[in-house]
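*Asks:* Please see the structure below; I have some questions.
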Amino acid sequence: MTDDASVGAFVCDCAGTCALDLETVRDRIDGVEVAASSDLLCGAETVDDIREVVEARDLEELLVTCPAAAGQASLERIEAETDVTIHFVDQREGAGWVHDERAATEKTARLVNAARASLDHGGADEPAVDATVGRSVAVVGDADLASTLATSADVTLLADGEEFDDIDVDLAGVRLERGRVVDVSGSLGGFELTLEARVTDDCIDCLRCVEAGPEDAVTRTPVDVAPDAPDGEWVEVCPTNAIDLRGTRQTITVDQVVHPGAETPAPGGKTGYHTGSGLETVAAVTALFDADLASGLEYDVGICAAGDSGQQGCTACVEACPHDAVSRPAPDEVAFDLAACQTCGACTSTCPTGAVELPERTNERLAREVEALVAAEPSGGLLDRSGPAIDTQVVAFVCSKRAATALRRYGRLAASGRADVAYPPILPVAVDCTDTVGEAHVLHALAAGADGVTILGCGCDCQHSGPDPKAEFVDRLNRATTDLGLGERVAFLAPDPDDPAGFGSSLSTFVDGLSPTPVPPGAHEATGRAIEADERSAYGNSTWALESVRAILDHVEPDRDRIRGLENFGVMTVSDACGLTPTCSNLCPVDAIRNEDGCLEFSHERCVNCGLCETGCPESAITMEPGLDLGLLPERTGGEAWTVVHEDEPFACRGCGEEFTSTATVENMKAQLPDGELPGAEGHMAEYCSDCKGELAFKL
């Protein structure tokens, strides 16, 4: 837990280019020791001032609204000179450049609050691969190759004068540097590249020069000026004086270099310098990596619903994984191939018990972020008739790959004057992939008071889940929310980087179609548990989803008792073929079945619909159906969590006296086998348990 007194927040409007009321943003930030603002946080003098505040207040964490790479580099100097850790928040591309001032101001405050909440549950994300020699790679001018290598390396794409704003390549996870390569030296593990640019690191990417400069003289991504660009008044539009037509140089150091088409195959013929651009080059680069991968997953076999009985149990993670990285080497075992794993989160969002988790983006951490984003705005008093700044609260789970890239591009298009971009102020929660989002995440957002939930992903060519990755999921969840009495409140959108108007129209249609939620915002704080003294993991998808449903039910009248579309809950029915053997209760990995005194009882709130009882029943008497039946929950049954699903008089073995089946089963077997007497023993063979029958047979 991070102490409030050790956290500071600093907000900026990027030299007045963001539509923000900085004073209001400061006032809306919670849980910090100090909140301050400036029109340019990354200026040299301001950086020194922030460092002094850090030292004077003994701050350990800083939340800073600064999405510009150069600005971040300036501010990171504070990290090097103190013990503070900086976390950056985008108040610009995702707020001040695409929303009106009131909405952008309110959204920025909530983004900072969400980042603050996140500090208590994992802090900054860590890469899933080890940073060993060979994994730091500079790629010159080839976006496709950089994107390919970024899945397993720390990649820096050197622009070399190229424009990357209009490319259809996913550059999430790729560091982009401006400048043309003028020199390469060094060797594997220590290559040095000298870059020359006409824009200094004082650039805050406000894009005013793009709009005012000569045609084709200024690139947008990254911002740089061509060497032959003419001087003129247009240079003066830069609010930070970052344009230097004389040229400025910097040197970066990496483990390996990929320089497609370079005239010399390598400086001095050194290993680690590659001049190709195809798959052979990728193979050559990766061959120099340390092959040991750090796990991007945590797995707790103790709460896994696969069971430990030798029977086939829950297979949700195996079926969900799009990369064949999860397997079942035995019916009751689960194995993860970390080399094949892409940490898309499909296994974590479908695992009903929470046995599989992404340690850096845990469900608890996501819950705290959502709760900070969905908030009741302060009243402006009786004379304030302007209404809330964010009228309809929509939580957006944003894929960190193409969807996040598209949203950033929309902001840059707006700032550079190349497009009129505006869309409703959605409340973004970053996820590695939309596969990370399960039914528990959606239900929690609605329980927190969101009017709706949208999932922003890659669309028809998702690298993890293929075409229409969330179509079936959205249909299921809308069926569930409708049954709960909320109506349809879930949508999936795939923002096209080249079509901001289309995205804005689709999002507006969804938002405008939402009625105000009856669930008050800010009233629910999740614990991740639905049952007291539950030994299962907190924030497991089943128990977390049930907790959220109960919070929603405090404010709605459901349209029906059986809530369809929720796969992590199961309803048990048992036929008269049941012999009251203890098989199902022994198999159940979550203790949702008990067999006592001739009664087979079922706890619906504990069940995760793993199917072990159904597949393992020796009489094939059990049928499981997915769905949440409100009528079986303790709050609808007078506090009784257990439901009798079958009862009969137990039958005691003639030999040992132990109850082993039901009287009805014995009578049924006697009727089917009228000649079933055992020689030398009293009664019918059906009246003896398996052990006693074996002993009698052995005596014969």
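Naming scheme: A, B, ... for chains in displayed order of the structure tokens; residues 1 onward per chain; ligands 1 onward as shown.
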With only C-alpha atoms as the counted atoms, please give the residues lying no more than 10 Å from Gly528 in chain A, apart from itself and same-chain residues fewer than 3 positions off, as a CSV table (one decimal) with C-alpha atoms, in the first residue's frame.
*Replies:*
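Output file part-v3.csv is given in full below:
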```csv
chain,number,residue,atom,x,y,z
A,363,ASN,CA,-8.1,-8.0,-11.4
A,364,GLU,CA,-7.9,-6.1,-8.1
A,367,ALA,CA,-11.1,-2.9,-10.2
A,440,ALA,CA,-16.5,-10.2,-14.2
A,444,HIS,CA,-17.9,-4.8,-11.9
A,525,GLU,CA,-15.9,-0.7,-3.8
A,531,ILE,CA,-18.9,-15.5,0.1
A,537,SER,CA,-8.7,-16.5,-4.5
A,538,ALA,CA,-10.2,-13.0,-4.2
A,539,TYR,CA,-11.1,-11.5,-7.6
A,540,GLY,CA,-11.6,-14.9,-9.2
A,541,ASN,CA,-14.0,-14.3,-12.0
A,542,SER,CA,-16.9,-16.2,-10.6
A,543,THR,CA,-16.9,-14.8,-7.1
A,544,TRP,CA,-16.0,-11.3,-8.3
A,545,ALA,CA,-18.8,-11.4,-10.8
A,546,LEU,CA,-21.3,-12.6,-8.2
A,547,GLU,CA,-20.3,-9.8,-5.9
A,548,SER,CA,-20.9,-7.3,-8.7
```
*Asks:* Quick one: residues within 12 Å of Pro634 in chain A, only C-alpha atoms, excluding same-chain residues fewer than 2 positions away - as a list in words?
*Replies:*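 The neighbour list is Ala530, Ile531, Arg550, Phe602, Ser603, His604, Glu605, Arg606, Asp629, Leu630, Gly631, Leu632, Arg636, Thr637, Gly638, Gly639, Glu640, Ala641, Trp642 and Thr643 of chain A.
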*Asks:* Please identify all polymer residues within 9 Å of Pro352 in chain A, counting only C-alpha atoms, omitting same-chain residues fewer than 3 positions from it, and present them as a compact mmCIF listing (two decimals) with N, CA and C atoms, in the first residue's frame.
*Replies:*
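Final output, out20.txt:
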```
# COMPACT_ATOMS: atom_id res chain seq x y z
N CYS A 304 -7.23 -24.35 -8.77
CA CYS A 304 -7.61 -24.63 -10.16
C CYS A 304 -8.81 -25.57 -10.19
N ALA A 305 -9.79 -25.27 -11.03
CA ALA A 305 -11.01 -26.08 -11.15
C ALA A 305 -10.81 -27.30 -12.04
N CYS A 314 -12.36 -28.58 -15.43
CA CYS A 314 -12.51 -27.33 -16.19
C CYS A 314 -11.44 -27.24 -17.28
N ALA A 316 -11.48 -24.33 -19.39
CA ALA A 316 -11.70 -22.97 -19.91
C ALA A 316 -10.43 -22.35 -20.45
N THR A 348 -6.80 -15.83 -18.28
CA THR A 348 -7.13 -15.19 -17.00
C THR A 348 -8.58 -14.74 -16.95
N SER A 349 -9.13 -14.29 -18.07
CA SER A 349 -10.50 -13.78 -18.06
C SER A 349 -11.53 -14.89 -18.09
N ALA A 355 -7.33 -18.91 -10.74
CA ALA A 355 -6.09 -19.67 -10.59
C ALA A 355 -4.99 -19.15 -11.49
N GLY A 540 -11.30 -13.87 -8.18
CA GLY A 540 -11.56 -14.91 -9.16
C GLY A 540 -12.81 -14.52 -9.93
N ASN A 541 -12.90 -14.87 -11.20
CA ASN A 541 -13.96 -14.33 -12.05
C ASN A 541 -15.36 -14.67 -11.57
N SER A 542 -15.56 -15.86 -11.03
CA SER A 542 -16.89 -16.25 -10.59
C SER A 542 -17.33 -15.48 -9.34
N THR A 543 -16.49 -15.50 -8.30
CA THR A 543 -16.87 -14.83 -7.06
C THR A 543 -16.92 -13.32 -7.22
N GLU A 567 -21.26 -17.55 -18.02
CA GLU A 567 -20.78 -18.92 -18.14
C GLU A 567 -20.07 -19.44 -16.90
N ASN A 568 -19.72 -18.58 -15.97
CA ASN A 568 -18.97 -19.02 -14.79
C ASN A 568 -19.87 -19.47 -13.65
N PHE A 569 -21.15 -19.64 -13.94
CA PHE A 569 -22.10 -20.14 -12.94
C PHE A 569 -22.83 -21.34 -13.54
N VAL A 608 -18.73 -23.09 -10.05
CA VAL A 608 -18.08 -22.35 -11.14
C VAL A 608 -18.32 -23.03 -12.49
N ASN A 609 -19.23 -24.00 -12.52
CA ASN A 609 -19.62 -24.66 -13.77
C ASN A 609 -18.45 -25.36 -14.46
N CYS A 610 -17.59 -26.03 -13.65
CA CYS A 610 -16.45 -26.72 -14.24
C CYS A 610 -16.84 -28.02 -14.92
```
*Asks:* Could you find all residues in range 337-444 of chain A that DSSP calls strand (DSSP E or B) from the backbone, and write them as a list in words?
*Replies:*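 Everything in range 337-444 of chain A that counts as strand (DSSP E or B) is Val356, Glu357, Val394, Val395, Ala396, Phe397, Val398, Cys399, Leu427, Pro428, Val429, Ala430 and Val431 of chain A.
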*Asks:* Set the distance at 7 Å and use only C-alpha atoms: which residues neighbour Ala448 in chain A once local chain neighbours fewer than 3 positions away are removed? I'd like the list as an mmCIF file with N, CA and C atoms, in the first residue's frame.
*Replies:*
```cif
data_model
loop_
_atom_site.group_PDB
_atom_site.id
_atom_site.type_symbol
_atom_site.label_atom_id
_atom_site.label_comp_id
_atom_site.auth_asym_id
_atom_site.auth_seq_id
_atom_site.Cartn_x
_atom_site.Cartn_y
_atom_site.Cartn_z
ATOM 1 N N GLU A 371 -12.994 1.982 -10.477
ATOM 2 C CA GLU A 371 -13.721 2.715 -9.433
ATOM 3 C C GLU A 371 -13.260 4.164 -9.336
ATOM 4 N N VAL A 374 -14.936 5.943 -12.559
ATOM 5 C CA VAL A 374 -16.391 6.136 -12.477
ATOM 6 C C VAL A 374 -16.689 6.842 -11.167
ATOM 7 N N HIS A 444 -18.435 -5.685 -12.974
ATOM 8 C CA HIS A 444 -17.904 -4.784 -11.940
ATOM 9 C C HIS A 444 -18.016 -3.328 -12.364
ATOM 10 N N ALA A 445 -17.710 -3.018 -13.624
ATOM 11 C CA ALA A 445 -17.819 -1.636 -14.092
ATOM 12 C C ALA A 445 -19.250 -1.130 -13.949
ATOM 13 N N PRO A 521 -23.071 6.053 -9.118
ATOM 14 C CA PRO A 521 -21.616 5.977 -9.294
ATOM 15 C C PRO A 521 -20.883 6.242 -7.988
ATOM 16 N N GLY A 522 -19.786 5.525 -7.803
ATOM 17 C CA GLY A 522 -18.927 5.770 -6.654
ATOM 18 C C GLY A 522 -19.361 5.124 -5.357
ATOM 19 N N ALA A 523 -20.476 4.363 -5.370
ATOM 20 C CA ALA A 523 -20.978 3.798 -4.117
ATOM 21 C C ALA A 523 -20.430 2.410 -3.828
ATOM 22 N N HIS A 524 -19.894 1.727 -4.851
ATOM 23 C CA HIS A 524 -19.472 0.333 -4.672
ATOM 24 C C HIS A 524 -17.957 0.208 -4.768
#
```
*Asks:* How many Å separate CA of Thr343 in chain A from CA of Ala153 in chain A?
*Replies:*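 Distance reported for this atom pair: 14.7 Å.
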*Asks:* Among range 226-448 of chain A, which residues does DSSP mark as helix (DSSP H, G or I) when it is run on the backbone? Keep the chain and numbering as in the structure and answer as a PyMOL selection string.
*Replies:* chain A and resi 233-237+267-269+279-286+301-303+316-320+346-350+363-373+402-415+434-436+439-447
*Asks:* Give me the range 393-464 of chain A side of the contact with range 488-498 of chain A, cut-off 6 Å, one line per residue showing its nearest atom pair and distance in Å at one decimal, counting only C-alpha atoms, sorted by chain and residue number, as CSV.
*Replies:*
```
residue,atom,partner,partner_atom,distance
A:Ala403,CA,A:Pro495,CA,5.9
A:Ala406,CA,A:Pro497,CA,4.4
A:Gly452,CA,A:Arg489,CA,4.7
A:Val453,CA,A:Val490,CA,4.9
A:Thr454,CA,A:Ala491,CA,4.7
A:Ile455,CA,A:Phe492,CA,4.7
A:Leu456,CA,A:Leu493,CA,5.0
A:Gly457,CA,A:Ala494,CA,5.0
A:Cys458,CA,A:Ala494,CA,5.3
A:Gly459,CA,A:Ala494,CA,4.7
```
*Asks:* Which one is closest to Ala686 in chain A: A:Lys107, A:Arg412, A:Arg654, A:Arg479? Count only C-alpha atoms.
*Replies:*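 Smallest separation from Ala686 in chain A among the options: A:Arg654.
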*Asks:* Val421 in chain A: which residues within 12 Å, counting only C-alpha atoms, same-chain residues fewer than 4 positions away excluded, as a PyMOL selection string?
*Replies:* chain A and resi 93-100+407-417+497-505
*Asks:* When you look at Glu298 in chain A with a cut-off of 9 Å (counting only C-alpha atoms), what residues show up, excluding the ones that are within fewer than 6 positions of it in the same chain? I need them as number ranges by chain.
*Replies:* A: 355-359
*Asks:* Could you please take those selected residues and save all heavy atoms as a compact mmCIF listing (two decimals), in the first residue's frame?
*Replies:*
```
# COMPACT_ATOMS: atom_id res chain seq x y z
N ALA A 355 -7.33 -18.91 -10.74
CA ALA A 355 -6.09 -19.67 -10.59
C ALA A 355 -4.99 -19.15 -11.49
O ALA A 355 -3.81 -19.35 -11.22
CB ALA A 355 -6.35 -21.15 -10.90
N VAL A 356 -5.36 -18.47 -12.59
CA VAL A 356 -4.38 -17.90 -13.51
C VAL A 356 -4.53 -16.39 -13.47
O VAL A 356 -5.64 -15.86 -13.55
CB VAL A 356 -4.59 -18.40 -14.95
CG1 VAL A 356 -3.43 -17.97 -15.84
CG2 VAL A 356 -4.75 -19.91 -14.98
N GLU A 357 -3.41 -15.69 -13.39
CA GLU A 357 -3.47 -14.23 -13.23
C GLU A 357 -2.27 -13.59 -13.90
O GLU A 357 -1.18 -14.16 -13.96
CB GLU A 357 -3.49 -13.89 -11.74
CG GLU A 357 -3.77 -12.43 -11.44
CD GLU A 357 -3.98 -12.20 -9.96
OE1 GLU A 357 -3.10 -12.54 -9.16
OE2 GLU A 357 -5.06 -11.68 -9.60
N LEU A 358 -2.49 -12.40 -14.47
CA LEU A 358 -1.39 -11.57 -14.97
C LEU A 358 -0.90 -10.73 -13.78
O LEU A 358 -1.60 -9.83 -13.32
CB LEU A 358 -1.87 -10.65 -16.09
CG LEU A 358 -2.26 -11.35 -17.39
CD1 LEU A 358 -2.97 -10.37 -18.33
CD2 LEU A 358 -1.04 -11.92 -18.09
N PRO A 359 0.30 -10.99 -13.28
CA PRO A 359 0.70 -10.38 -12.01
C PRO A 359 0.82 -8.86 -12.06
O PRO A 359 0.70 -8.20 -11.04
CB PRO A 359 2.07 -11.03 -11.72
CG PRO A 359 2.55 -11.56 -13.04
CD PRO A 359 1.31 -11.92 -13.80
```
*Asks:* Rank A:Val199, A:Gly655, A:Trp234, A:Glu106 by their smallest atom-to-atom distance to Glu211 in chain A, using only C-alpha atoms, and report the top residue only.
*Replies:*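 Looking only at the distances to Glu211 in chain A, the closest residue turns out to be A:Trp234.
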*Asks:* Would you pick out the contacts of range 274-276 of chain A at 6 Å or less, using only C-alpha atoms, so that residues sharing its chain but fewer than 3 positions from it are not included, and give the list as a ChimeraX atom specification?
*Replies:* /A:258-262,265,281
*Asks:* Using the selection just defined, write its residues with C-alpha atoms as a PDB file, in the first residue's frame.
*Replies:*
```pdb
ATOM      1  CA  VAL A 258      19.058  -3.678 -37.862  1.00  0.00           C
ATOM      2  CA  HIS A 259      19.844  -1.290 -40.730  1.00  0.00           C
ATOM      3  CA  PRO A 260      18.085  -2.579 -43.867  1.00  0.00           C
ATOM      4  CA  GLY A 261      19.836  -1.660 -47.088  1.00  0.00           C
ATOM      5  CA  ALA A 262      22.942  -0.255 -45.434  1.00  0.00           C
ATOM      6  CA  PRO A 265      27.207  -5.307 -44.166  1.00  0.00           C
ATOM      7  CA  THR A 281      16.982 -11.141 -40.282  1.00  0.00           C
TER       8      THR A 281
END
```
*Asks:* Kindly indicate which residue among A:Glu319, A:Asp142, A:Asp554, A:Asp451 lies nearest to Ser277 in chain A, using only C-alpha atoms for the distances.
*Replies:*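 For Ser277 in chain A, the nearest of the candidates is A:Asp142.
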